[in-house]
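**Q** Following this message is one structure expressed as structure tokens.
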Amino acid sequence: MAHTLPNVNVAIDNDRLGRIAPSSDGVSGLILSGVAVGGSFVLGDILEGNSLADFEALGITQAYDTTNTTNAWKHISDFYSWSENKGLKLYVMVVAKTVLMSALVDKTNANYAKKMLIAANGNVKLLGVCRTPDGAYTPTYAAQLDTDIALAMANAQALYDDEFNLFRPLQIFIEGYNWQGSVATSTNMRDPLTGFNANRVSLVIGNDNDYSTANAWAAKYASLGLFLGREAAIPVNRNAGRVKDGKLPLINAGFSNGNKVTTYTDANLDTLDDFGYIFFRPFTGKAGYYINDDHTASPYNQDALYISHGRVLDKAARIARKVYVDEILDEVQVEASTGKLAPSTCKHYQGIIEKAINDEMASRGEIVAVSAYVDPDQDVLTTDTINIEVDIVKTGTSRKIKVVIGFAASV
């Protein structure tokens, strides 16, 4: 051993504060109606940016919307109106107004959502799909929704299923353009028989009423970009309607039929909420408007009946894929007497997923706990397969708070 002078050695521990690396959970995509900009992009291009200014530099400005009677800049501007999204990656595709919403999310159509998701290499976790129809478009309606939007809801769920099988799970948000306004006869998206049964798809029908009344082409639009931006700004387990996050950046909230929220009764809003729609609501005695909830278009018996539930499950699925892909074709130790999994093997497979999910989710407060189990009674020599069960305890949501107040003789 080499001799050195007596001394005091000091080292810096750079991990004492437990800082968490920035998350990619909010990386988003937006598909928008518009026109090409010469020298910048053609329809169907995948545009990438990290700020509103990046897209304005490509020609998608406020004047672009006015000139082309579309809402492309508005949706992007709303996305970046949340301070937490400054610098966040956003993928944008501009398509012709004539392209149907159902085509945009068709998993068999390689020109739209599927193209973006492939180009983003699985990085898009949240996808917003908007449409500003051209003047020649003649919609048909059923249960207060354009039938093409109803088809888009089904196609979007099929797209999610396909993407999940390709290890690219994501949440999909559809602009509920031109909802007809009758609450009682609207589609009940929570009904397992008549609803859409789409547990990774949500329909937004709320909007900025001041903007929709000031711009004729936006009279029936929904604030999809605003909602997408809220989801991108929060942890995966958080409800987008969390009041503590502050009021929405708008003065008057409305619906995509053109009416203000204030024209509807509390009972009407309760029904729309029960039916699974996303809109903006007031609280008595509190200024501003807030997102009502983070519904998906699925029945109440689904685990992912809320966006925050689906995002937690899908993030855990992505982590599991990343962890276990490194174990593919590795040697597996088995018990000599039985040929079944060795206890050390079970502990290894349990430990690596628990650590990864704890590091990437529990440390951020996105889950409460995780536990993995590998049954040692598995004949891997015959099946070449190891089955692993992972249980996650999610955080709760204070969806309703009940308070009882009364007089007492003393306190």
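Convention: chains lettered A, B, ... in structure tokens order; per-chain residue numbering from 1; ligands numbered from 1 as shown.
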Using only C-alpha atoms, determine which residues lie at most 10 Å from Ala150 of chain A, disregarding the query and same-chain residues fewer than 6 positions distant; provide the list as a list in words.

**A**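 Once the adjacent positions are removed, what remains is Met101, Ser102, Tyr141, Ala142, Ala143, Ala156, Ile174, Gly176, Thr187, Gly195, Phe196 and Leu203 of chain A.
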
**Q** Residues at most 8 Å from Pro249 of chain A, counting only C-alpha atoms, excluding those fewer than 2 positions away in the same chain, as a short mmCIF file (atom, residue, chain, number, x, y, z; two decimals) with C-alpha atoms, in the first residue's frame?

**A**
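The file below, selection11.cif, is the result:
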data_model
loop_
_atom_site.label_atom_id
_atom_site.label_comp_id
_atom_site.auth_asym_id
_atom_site.auth_seq_id
_atom_site.Cartn_x
_atom_site.Cartn_y
_atom_site.Cartn_z
CA SER A 81 -50.34 28.97 -21.32
CA LYS A 247 -58.27 28.61 -11.99
CA ILE A 251 -62.87 34.78 -18.14
#

**Q** Hey, what's within 10 Å of Asn292 of chain A if we count only C-alpha atoms and toss same-chain stuff fewer than 5 positions away? As a ChimeraX atom specification, please?

**A** /A:206,239-243,269-270,272-273,276-282

**Q** So how many Å separate atom CA of Gln180 of chain A and atom CA of Asp208 of chain A, to one decimal?

**A**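 Between these atoms lies a distance of 16.6 Å.
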
**Q** Using only C-alpha atoms, determine which residues lie at most 6 Å from Ser256 of chain A, disregarding the query and same-chain residues fewer than 4 positions distant; provide the list as an mmCIF file with all heavy atoms, in the first residue's frame.

**A**
data_model
loop_
_atom_site.group_PDB
_atom_site.id
_atom_site.type_symbol
_atom_site.label_atom_id
_atom_site.label_comp_id
_atom_site.auth_asym_id
_atom_site.auth_seq_id
_atom_site.Cartn_x
_atom_site.Cartn_y
_atom_site.Cartn_z
ATOM 1 N N TYR A 177 -66.183 18.812 -30.730
ATOM 2 C CA TYR A 177 -66.628 19.916 -31.576
ATOM 3 C C TYR A 177 -68.145 19.867 -31.781
ATOM 4 O O TYR A 177 -68.723 18.827 -32.111
ATOM 5 C CB TYR A 177 -65.911 19.836 -32.923
ATOM 6 C CG TYR A 177 -66.096 21.028 -33.820
ATOM 7 C CD1 TYR A 177 -65.209 22.097 -33.779
ATOM 8 C CD2 TYR A 177 -67.152 21.098 -34.720
ATOM 9 C CE1 TYR A 177 -65.369 23.203 -34.590
ATOM 10 C CE2 TYR A 177 -67.330 22.189 -35.547
ATOM 11 C CZ TYR A 177 -66.433 23.241 -35.484
ATOM 12 O OH TYR A 177 -66.604 24.335 -36.299
ATOM 13 N N ASN A 178 -68.798 21.001 -31.555
ATOM 14 C CA ASN A 178 -70.212 21.171 -31.904
ATOM 15 C C ASN A 178 -71.135 20.186 -31.191
ATOM 16 O O ASN A 178 -72.036 19.607 -31.791
ATOM 17 C CB ASN A 178 -70.403 21.070 -33.418
ATOM 18 C CG ASN A 178 -71.688 21.759 -33.883
ATOM 19 O OD1 ASN A 178 -72.406 22.373 -33.090
ATOM 20 N ND2 ASN A 178 -71.966 21.655 -35.166
ATOM 21 N N TRP A 179 -70.893 19.993 -29.892
ATOM 22 C CA TRP A 179 -71.890 19.298 -29.069
ATOM 23 C C TRP A 179 -73.198 20.074 -29.166
ATOM 24 O O TRP A 179 -73.202 21.307 -29.145
ATOM 25 C CB TRP A 179 -71.399 19.230 -27.629
ATOM 26 C CG TRP A 179 -72.403 18.732 -26.642
ATOM 27 C CD1 TRP A 179 -72.970 17.493 -26.587
ATOM 28 C CD2 TRP A 179 -72.973 19.477 -25.550
ATOM 29 N NE1 TRP A 179 -73.851 17.413 -25.535
ATOM 30 C CE2 TRP A 179 -73.871 18.619 -24.880
ATOM 31 C CE3 TRP A 179 -72.797 20.779 -25.072
ATOM 32 C CZ2 TRP A 179 -74.594 19.019 -23.752
ATOM 33 C CZ3 TRP A 179 -73.512 21.181 -23.954
ATOM 34 C CH2 TRP A 179 -74.402 20.306 -23.310
ATOM 35 N N ILE A 205 -65.687 19.002 -24.083
ATOM 36 C CA ILE A 205 -66.708 19.847 -24.709
ATOM 37 C C ILE A 205 -66.729 21.253 -24.115
ATOM 38 O O ILE A 205 -67.516 22.094 -24.545
ATOM 39 C CB ILE A 205 -68.120 19.224 -24.618
ATOM 40 C CG1 ILE A 205 -68.535 19.038 -23.157
ATOM 41 C CG2 ILE A 205 -68.177 17.911 -25.388
ATOM 42 C CD1 ILE A 205 -70.000 18.610 -23.002
ATOM 43 N N LYS A 220 -68.039 26.743 -32.500
ATOM 44 C CA LYS A 220 -68.373 25.407 -31.994
ATOM 45 C C LYS A 220 -67.138 24.620 -31.545
ATOM 46 O O LYS A 220 -67.177 23.406 -31.433
ATOM 47 C CB LYS A 220 -69.125 24.614 -33.074
ATOM 48 C CG LYS A 220 -70.354 25.311 -33.630
ATOM 49 C CD LYS A 220 -71.424 25.554 -32.568
ATOM 50 C CE LYS A 220 -72.674 26.178 -33.174
ATOM 51 N NZ LYS A 220 -73.718 26.440 -32.153
ATOM 52 N N TYR A 221 -66.042 25.331 -31.293
ATOM 53 C CA TYR A 221 -64.809 24.634 -30.921
ATOM 54 C C TYR A 221 -64.838 24.251 -29.438
ATOM 55 O O TYR A 221 -65.630 24.770 -28.641
ATOM 56 C CB TYR A 221 -63.592 25.507 -31.235
ATOM 57 C CG TYR A 221 -63.005 26.232 -30.046
ATOM 58 C CD1 TYR A 221 -61.756 25.886 -29.542
ATOM 59 C CD2 TYR A 221 -63.707 27.266 -29.416
ATOM 60 C CE1 TYR A 221 -61.221 26.556 -28.442
ATOM 61 C CE2 TYR A 221 -63.179 27.935 -28.330
ATOM 62 C CZ TYR A 221 -61.935 27.580 -27.829
ATOM 63 O OH TYR A 221 -61.409 28.220 -26.744
ATOM 64 N N ALA A 222 -63.973 23.310 -29.045
ATOM 65 C CA ALA A 222 -63.756 22.975 -27.635
ATOM 66 C C ALA A 222 -62.281 23.203 -27.312
ATOM 67 O O ALA A 222 -61.414 23.044 -28.173
ATOM 68 C CB ALA A 222 -64.160 21.529 -27.352
#

**Q** Name the residues of segment 170-281 of chain A that come out as helix (DSSP H, G or I) in a backbone DSSP run; write them as a VMD selection string.

**A** chain A and resid 209 to 214 216 to 218 224 to 233 243 to 245 261 to 263 266 to 274

**Q** Output N, CA, C and O atoms for every residue in the selection just made, as a short mmCIF file (atom, residue, chain, number, x, y, z; two decimals), in the first residue's frame.

**A**
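Done, and the output landed in result.cif:
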data_model
loop_
_atom_site.label_atom_id
_atom_site.label_comp_id
_atom_site.auth_asym_id
_atom_site.auth_seq_id
_atom_site.Cartn_x
_atom_site.Cartn_y
_atom_site.Cartn_z
N ASN A 209 -65.50 30.75 -23.82
CA ASN A 209 -66.67 31.31 -24.49
C ASN A 209 -66.39 32.67 -25.12
O ASN A 209 -66.98 33.01 -26.16
N ASP A 210 -65.50 33.45 -24.53
CA ASP A 210 -65.16 34.75 -25.12
C ASP A 210 -64.50 34.57 -26.48
O ASP A 210 -64.79 35.31 -27.43
N TYR A 211 -63.62 33.58 -26.59
CA TYR A 211 -62.95 33.32 -27.87
C TYR A 211 -63.95 32.77 -28.89
O TYR A 211 -63.95 33.19 -30.06
N SER A 212 -64.82 31.87 -28.46
CA SER A 212 -65.74 31.24 -29.41
C SER A 212 -66.78 32.23 -29.94
O SER A 212 -67.22 32.12 -31.08
N THR A 213 -67.16 33.20 -29.11
CA THR A 213 -68.15 34.18 -29.58
C THR A 213 -67.51 35.29 -30.41
O THR A 213 -68.19 35.94 -31.21
N ALA A 214 -66.22 35.49 -30.23
CA ALA A 214 -65.53 36.56 -30.96
C ALA A 214 -65.06 36.13 -32.34
O ALA A 214 -64.76 36.98 -33.19
N ALA A 216 -66.04 33.65 -35.57
CA ALA A 216 -67.11 32.83 -36.15
C ALA A 216 -66.67 31.40 -36.42
O ALA A 216 -67.45 30.46 -36.21
N TRP A 217 -65.42 31.21 -36.89
CA TRP A 217 -64.97 29.87 -37.20
C TRP A 217 -64.77 29.00 -35.95
O TRP A 217 -64.67 27.79 -36.02
N ALA A 218 -64.71 29.68 -34.78
CA ALA A 218 -64.50 28.96 -33.53
C ALA A 218 -65.78 28.82 -32.70
O ALA A 218 -65.73 28.38 -31.55
N LEU A 224 -59.51 21.97 -26.46
CA LEU A 224 -58.71 20.77 -26.35
C LEU A 224 -57.27 21.09 -25.96
O LEU A 224 -56.67 20.43 -25.11
N GLY A 225 -56.69 22.13 -26.58
CA GLY A 225 -55.31 22.48 -26.28
C GLY A 225 -55.12 22.89 -24.83
O GLY A 225 -54.10 22.58 -24.20
N LEU A 226 -56.10 23.58 -24.26
CA LEU A 226 -56.04 24.00 -22.86
C LEU A 226 -56.06 22.79 -21.94
O LEU A 226 -55.28 22.71 -20.98
N PHE A 227 -56.95 21.84 -22.22
CA PHE A 227 -57.02 20.65 -21.38
C PHE A 227 -55.78 19.79 -21.53
O PHE A 227 -55.23 19.29 -20.54
N LEU A 228 -55.31 19.62 -22.76
CA LEU A 228 -54.08 18.85 -22.99
C LEU A 228 -52.92 19.47 -22.22
O LEU A 228 -52.11 18.76 -21.60
N GLY A 229 -52.83 20.80 -22.25
CA GLY A 229 -51.77 21.47 -21.53
C GLY A 229 -51.84 21.25 -20.03
O GLY A 229 -50.81 21.10 -19.36
N ARG A 230 -53.05 21.23 -19.48
CA ARG A 230 -53.20 20.97 -18.04
C ARG A 230 -52.71 19.57 -17.70
O ARG A 230 -51.99 19.36 -16.71
N GLU A 231 -53.08 18.58 -18.51
CA GLU A 231 -52.64 17.20 -18.27
C GLU A 231 -51.12 17.09 -18.38
O GLU A 231 -50.48 16.37 -17.61
N ALA A 232 -50.55 17.78 -19.34
CA ALA A 232 -49.10 17.71 -19.53
C ALA A 232 -48.35 18.33 -18.38
O ALA A 232 -47.19 17.97 -18.12
N ALA A 233 -48.99 19.25 -17.65
CA ALA A 233 -48.31 20.02 -16.61
C ALA A 233 -48.30 19.33 -15.26
O ALA A 233 -47.60 19.78 -14.35
N VAL A 243 -58.24 21.81 -7.63
CA VAL A 243 -58.50 23.23 -7.42
C VAL A 243 -57.25 23.97 -6.97
O VAL A 243 -57.03 25.14 -7.33
N LYS A 244 -56.41 23.32 -6.18
CA LYS A 244 -55.20 23.97 -5.69
C LYS A 244 -54.26 24.41 -6.81
O LYS A 244 -53.39 25.26 -6.59
N ASP A 245 -54.40 23.82 -7.98
CA ASP A 245 -53.54 24.20 -9.10
C ASP A 245 -53.95 25.53 -9.72
O ASP A 245 -53.27 26.04 -10.61
N VAL A 261 -71.45 28.38 -19.70
CA VAL A 261 -71.73 27.39 -18.66
C VAL A 261 -72.84 27.89 -17.75
O VAL A 261 -73.67 27.11 -17.27
N THR A 262 -72.88 29.19 -17.52
CA THR A 262 -73.87 29.77 -16.61
C THR A 262 -75.31 29.63 -17.10
O THR A 262 -76.24 29.89 -16.34
N THR A 263 -75.51 29.23 -18.35
CA THR A 263 -76.88 29.02 -18.85
C THR A 263 -77.42 27.66 -18.45
O THR A 263 -78.61 27.38 -18.69
N ASP A 266 -77.22 23.58 -12.11
CA ASP A 266 -76.32 22.67 -11.41
C ASP A 266 -76.69 21.22 -11.71
O ASP A 266 -75.81 20.36 -11.84
N ALA A 267 -77.98 20.95 -11.83
CA ALA A 267 -78.43 19.59 -12.14
C ALA A 267 -77.94 19.18 -13.54
O ALA A 267 -77.55 18.02 -13.75
N ASN A 268 -77.98 20.11 -14.50
CA ASN A 268 -77.46 19.83 -15.85
C ASN A 268 -75.99 19.47 -15.78
O ASN A 268 -75.54 18.49 -16.40
N LEU A 269 -75.22 20.26 -15.04
CA LEU A 269 -73.78 20.01 -14.95
C LEU A 269 -73.49 18.69 -14.24
O LEU A 269 -72.56 17.96 -14.62
N ASP A 270 -74.29 18.38 -13.23
CA ASP A 270 -74.14 17.09 -12.55
C ASP A 270 -74.35 15.93 -13.52
O ASP A 270 -73.62 14.94 -13.51
N THR A 271 -75.36 16.07 -14.39
CA THR A 271 -75.65 15.01 -15.35
C THR A 271 -74.52 14.85 -16.36
O THR A 271 -74.09 13.73 -16.66
N LEU A 272 -74.03 15.96 -16.88
CA LEU A 272 -72.91 15.88 -17.83
C LEU A 272 -71.68 15.25 -17.18
O LEU A 272 -70.96 14.47 -17.81
N ASP A 273 -71.46 15.58 -15.92
CA ASP A 273 -70.35 14.98 -15.20
C ASP A 273 -70.58 13.48 -15.02
O ASP A 273 -69.66 12.67 -15.24
N ASP A 274 -71.78 13.10 -14.65
CA ASP A 274 -72.11 11.69 -14.51
C ASP A 274 -71.94 10.94 -15.83
O ASP A 274 -71.58 9.76 -15.84
#

**Q** Could you state the separation of atom CA of Lys125 of chain A and atom CA of Tyr64 of chain A in Å, given to one decimal place?

**A**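 The value is 27.6 Å.
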
**Q** For Tyr306 of chain A, which residue among A:Lys89, A:Lys400, A:Arg190, A:Lys114 is the nearest when counting only C-alpha atoms?

**A**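 Of the candidates, the smallest distance to Tyr306 of chain A is held by A:Arg190.
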
**Q** Using only C-alpha atoms for the distances, tell me which of A:Ile118, A:Cys346, A:Leu30, A:Val390 is nearest to Cys130 of chain A.

**A**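 For Cys130 of chain A, the nearest of the given residues is A:Leu30.
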
**Q** Which residue gives the smallest distance to Thr66 of chain A among A:Val94, A:Ala409, A:Val35, A:Leu341, with only C-alpha atoms counted?

**A**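 Of A:Val94, A:Ala409, A:Val35, A:Leu341, the one nearest Thr66 of chain A, counting only C-alpha atoms, is A:Val35.
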
**Q** Counting only C-alpha atoms, which residue out of A:Asn215, A:Ser83, A:Ser202, A:Asn207 sits closest to Val129 of chain A?

**A**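 Among the listed residues, the smallest separation from Val129 of chain A belongs to A:Ser202.
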
**Q** Quick one: which segment 62-107 of chain A residues come within 10 Å of segment 136-140 of chain A, and what is the nearest atom pair for each with the distance in Å to one decimal, counting only C-alpha atoms, rows ordered by chain and ascending number, as CSV?

**A**
residue,atom,partner,partner_atom,distance
A:Lys97,CA,A:Tyr137,CA,9.1
A:Thr98,CA,A:Tyr137,CA,7.5
A:Leu100,CA,A:Tyr137,CA,9.6

**Q** Determine the nearest neighbour of Ile149 of chain A from the options A:Ala119, A:Val27, A:Leu126, A:Val105, counting only C-alpha atoms.

**A** A:Val105

**Q** Do a neighbour search on Ala372 of chain A at 9 Å with only C-alpha atoms, toss out local chain neighbours closer than 5 positions, and write the hits as a list in words.

**A**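 The residues that qualify are Tyr349, Gln350, Gly351, Ile353, Glu354, Ile388, Glu389, Val390, Asp391 and Ile392 of chain A.
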
**Q** Next, dump the selected residues to file, keeping only N, CA and C atoms, as a PDB file, in the first residue's frame.

**A**
ATOM      1  N   TYR A 349     -36.132 -10.927  -9.845  1.00  0.00           N
ATOM      2  CA  TYR A 349     -37.165 -10.375 -10.720  1.00  0.00           C
ATOM      3  C   TYR A 349     -38.136  -9.489  -9.952  1.00  0.00           C
ATOM      4  N   GLN A 350     -38.400  -9.826  -8.705  1.00  0.00           N
ATOM      5  CA  GLN A 350     -39.249  -8.983  -7.869  1.00  0.00           C
ATOM      6  C   GLN A 350     -38.547  -7.673  -7.524  1.00  0.00           C
ATOM      7  N   GLY A 351     -37.292  -7.772  -7.157  1.00  0.00           N
ATOM      8  CA  GLY A 351     -36.565  -6.610  -6.670  1.00  0.00           C
ATOM      9  C   GLY A 351     -36.322  -5.550  -7.714  1.00  0.00           C
ATOM     10  N   ILE A 353     -38.054  -4.731 -10.420  1.00  0.00           N
ATOM     11  CA  ILE A 353     -39.223  -3.942 -10.819  1.00  0.00           C
ATOM     12  C   ILE A 353     -39.699  -3.072  -9.666  1.00  0.00           C
ATOM     13  N   GLU A 354     -39.626  -3.593  -8.455  1.00  0.00           N
ATOM     14  CA  GLU A 354     -40.017  -2.782  -7.302  1.00  0.00           C
ATOM     15  C   GLU A 354     -39.121  -1.555  -7.177  1.00  0.00           C
ATOM     16  N   ILE A 388     -44.848 -12.675 -13.800  1.00  0.00           N
ATOM     17  CA  ILE A 388     -44.603 -11.749 -12.700  1.00  0.00           C
ATOM     18  C   ILE A 388     -45.870 -10.950 -12.439  1.00  0.00           C
ATOM     19  N   GLU A 389     -46.262 -10.830 -11.192  1.00  0.00           N
ATOM     20  CA  GLU A 389     -47.409 -10.023 -10.806  1.00  0.00           C
ATOM     21  C   GLU A 389     -46.909  -8.775 -10.082  1.00  0.00           C
ATOM     22  N   VAL A 390     -47.409  -7.623 -10.487  1.00  0.00           N
ATOM     23  CA  VAL A 390     -47.033  -6.358  -9.857  1.00  0.00           C
ATOM     24  C   VAL A 390     -48.292  -5.663  -9.366  1.00  0.00           C
ATOM     25  N   ASP A 391     -48.342  -5.381  -8.084  1.00  0.00           N
ATOM     26  CA  ASP A 391     -49.472  -4.678  -7.475  1.00  0.00           C
ATOM     27  C   ASP A 391     -49.035  -3.271  -7.085  1.00  0.00           C
ATOM     28  N   ILE A 392     -49.865  -2.301  -7.429  1.00  0.00           N
ATOM     29  CA  ILE A 392     -49.579  -0.896  -7.130  1.00  0.00           C
ATOM     30  C   ILE A 392     -50.694  -0.339  -6.256  1.00  0.00           C
TER      31      ILE A 392
END

**Q** So which one's closest to Ile31 of chain A, A:Asp78, A:Glu163, A:Asp134, A:Glu175? Using only C-alpha atoms, please.

**A**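 Nearest candidate to Ile31 of chain A out of A:Asp78, A:Glu163, A:Asp134, A:Glu175: A:Glu175.
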
**Q** Atom CA of Ala154 of chain A and atom CA of Asp106 of chain A are how many Å apart?

**A**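 Calculated distance between atom CA of Ala154 of chain A and atom CA of Asp106 of chain A is 9.1 Å.
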
**Q** List every residue of segment 2-211 of chain A that DSSP, applied to the backbone, labels as strand (DSSP E or B), and write the result as a ChimeraX atom specification.

**A** /A:28-33,37,41,47-49,90-95,126-129,141-142,145-146,171-175,198,201-204,206-208

**Q** Could you save the residues just selected, with N, CA, C and O atoms, as a compact mmCIF listing (two decimals), in the first residue's frame?

**A**
# COMPACT_ATOMS: atom_id res chain seq x y z
N SER A 28 -46.28 15.61 -25.40
CA SER A 28 -47.61 15.56 -26.00
C SER A 28 -47.57 15.70 -27.50
O SER A 28 -46.58 16.15 -28.09
N GLY A 29 -48.68 15.33 -28.12
CA GLY A 29 -48.89 15.53 -29.54
C GLY A 29 -50.20 16.22 -29.79
O GLY A 29 -51.16 16.04 -29.04
N LEU A 30 -50.26 17.05 -30.82
CA LEU A 30 -51.49 17.74 -31.22
C LEU A 30 -51.68 17.59 -32.72
O LEU A 30 -50.76 17.89 -33.50
N ILE A 31 -52.85 17.15 -33.11
CA ILE A 31 -53.21 17.11 -34.52
C ILE A 31 -54.26 18.20 -34.75
O ILE A 31 -55.28 18.25 -34.05
N LEU A 32 -54.01 19.08 -35.72
CA LEU A 32 -54.78 20.30 -35.89
C LEU A 32 -55.19 20.51 -37.35
O LEU A 32 -54.48 20.10 -38.26
N SER A 33 -56.30 21.19 -37.56
CA SER A 33 -56.72 21.58 -38.90
C SER A 33 -56.03 22.87 -39.32
O SER A 33 -55.86 23.77 -38.50
N VAL A 37 -47.66 26.04 -44.80
CA VAL A 37 -46.95 27.33 -44.84
C VAL A 37 -45.72 27.15 -45.70
O VAL A 37 -44.82 26.36 -45.35
N PHE A 41 -43.61 24.16 -43.72
CA PHE A 41 -44.12 22.79 -43.62
C PHE A 41 -45.23 22.57 -44.62
O PHE A 41 -45.89 23.52 -45.08
N LEU A 47 -44.12 18.37 -36.87
CA LEU A 47 -43.41 19.55 -36.37
C LEU A 47 -43.08 19.35 -34.90
O LEU A 47 -43.87 18.76 -34.15
N GLU A 48 -41.93 19.83 -34.48
CA GLU A 48 -41.52 19.70 -33.09
C GLU A 48 -41.15 21.07 -32.53
O GLU A 48 -40.54 21.88 -33.22
N GLY A 49 -41.54 21.30 -31.28
CA GLY A 49 -41.18 22.55 -30.64
C GLY A 49 -41.20 22.41 -29.14
O GLY A 49 -41.70 21.42 -28.59
N LEU A 90 -43.48 19.35 -27.63
CA LEU A 90 -44.79 19.18 -28.24
C LEU A 90 -44.61 18.83 -29.71
O LEU A 90 -43.87 19.50 -30.42
N TYR A 91 -45.26 17.76 -30.13
CA TYR A 91 -45.29 17.38 -31.54
C TYR A 91 -46.60 17.88 -32.14
O TYR A 91 -47.66 17.73 -31.53
N VAL A 92 -46.54 18.46 -33.31
CA VAL A 92 -47.73 19.01 -33.96
C VAL A 92 -47.80 18.52 -35.40
O VAL A 92 -46.79 18.46 -36.10
N MET A 93 -49.00 18.16 -35.82
CA MET A 93 -49.26 17.83 -37.22
C MET A 93 -50.45 18.66 -37.68
O MET A 93 -51.50 18.67 -37.03
N VAL A 94 -50.30 19.36 -38.78
CA VAL A 94 -51.38 20.14 -39.37
C VAL A 94 -51.93 19.37 -40.56
O VAL A 94 -51.16 18.91 -41.42
N VAL A 95 -53.26 19.20 -40.59
CA VAL A 95 -53.91 18.44 -41.66
C VAL A 95 -55.01 19.28 -42.27
O VAL A 95 -55.44 20.30 -41.70
N LEU A 126 -49.38 11.81 -24.29
CA LEU A 126 -50.69 12.46 -24.33
C LEU A 126 -50.93 12.96 -25.75
O LEU A 126 -50.10 13.69 -26.28
N LEU A 127 -52.04 12.57 -26.35
CA LEU A 127 -52.33 12.97 -27.73
C LEU A 127 -53.66 13.71 -27.78
O LEU A 127 -54.70 13.17 -27.37
N GLY A 128 -53.64 14.94 -28.28
CA GLY A 128 -54.85 15.71 -28.48
C GLY A 128 -55.20 15.77 -29.95
O GLY A 128 -54.33 16.02 -30.79
N VAL A 129 -56.46 15.54 -30.28
CA VAL A 129 -56.90 15.50 -31.68
C VAL A 129 -58.03 16.51 -31.87
O VAL A 129 -59.07 16.42 -31.21
N TYR A 141 -75.96 13.88 -36.62
CA TYR A 141 -75.89 13.83 -35.16
C TYR A 141 -76.68 12.65 -34.62
O TYR A 141 -77.72 12.28 -35.15
N ALA A 142 -76.15 12.10 -33.54
CA ALA A 142 -76.85 11.07 -32.78
C ALA A 142 -76.48 11.29 -31.32
O ALA A 142 -75.30 11.42 -30.99
N LEU A 145 -74.09 14.27 -30.47
CA LEU A 145 -72.72 14.32 -30.96
C LEU A 145 -72.68 14.04 -32.46
O LEU A 145 -73.47 13.23 -32.97
N ASP A 146 -71.76 14.69 -33.14
CA ASP A 146 -71.47 14.35 -34.53
C ASP A 146 -71.11 12.86 -34.59
O ASP A 146 -70.28 12.38 -33.80
N GLN A 171 -52.58 8.40 -23.45
CA GLN A 171 -53.95 8.87 -23.29
C GLN A 171 -54.31 9.70 -24.53
O GLN A 171 -53.47 10.43 -25.05
N ILE A 172 -55.56 9.59 -24.96
CA ILE A 172 -56.01 10.30 -26.16
C ILE A 172 -57.20 11.18 -25.80
O ILE A 172 -58.16 10.73 -25.18
N PHE A 173 -57.13 12.45 -26.22
CA PHE A 173 -58.18 13.42 -25.94
C PHE A 173 -58.78 13.91 -27.26
O PHE A 173 -58.06 14.35 -28.15
N ILE A 174 -60.10 13.84 -27.36
CA ILE A 174 -60.81 14.22 -28.57
C ILE A 174 -61.56 15.53 -28.35
O ILE A 174 -62.23 15.71 -27.32
N GLU A 175 -61.44 16.44 -29.30
CA GLU A 175 -62.19 17.69 -29.24
C GLU A 175 -63.67 17.41 -29.54
O GLU A 175 -64.01 16.96 -30.64
N ALA A 198 -64.32 3.25 -23.81
CA ALA A 198 -62.98 3.68 -24.21
C ALA A 198 -62.24 4.20 -22.97
O ALA A 198 -62.37 5.37 -22.60
N VAL A 201 -59.58 7.11 -23.55
CA VAL A 201 -60.02 8.19 -24.43
C VAL A 201 -60.97 9.10 -23.67
O VAL A 201 -61.83 8.63 -22.93
N SER A 202 -60.81 10.42 -23.85
CA SER A 202 -61.66 11.39 -23.18
C SER A 202 -62.20 12.40 -24.18
O SER A 202 -61.55 12.69 -25.20
N LEU A 203 -63.39 12.94 -23.89
CA LEU A 203 -64.04 13.90 -24.78
C LEU A 203 -64.19 15.23 -24.06
O LEU A 203 -64.79 15.31 -22.99
N VAL A 204 -63.62 16.28 -24.66
CA VAL A 204 -63.66 17.63 -24.08
C VAL A 204 -64.70 18.47 -24.82
O VAL A 204 -64.61 18.64 -26.04
N GLY A 206 -65.87 21.53 -23.15
CA GLY A 206 -65.78 22.89 -22.59
C GLY A 206 -64.94 23.79 -23.46
O GLY A 206 -64.06 23.34 -24.19
N ASN A 207 -65.19 25.10 -23.36
CA ASN A 207 -64.37 26.03 -24.15
C ASN A 207 -64.28 27.42 -23.50
O ASN A 207 -64.91 27.69 -22.47
N ASP A 208 -63.48 28.24 -24.13
CA ASP A 208 -63.35 29.66 -23.77
C ASP A 208 -64.45 30.39 -24.52
O ASP A 208 -64.34 30.62 -25.73
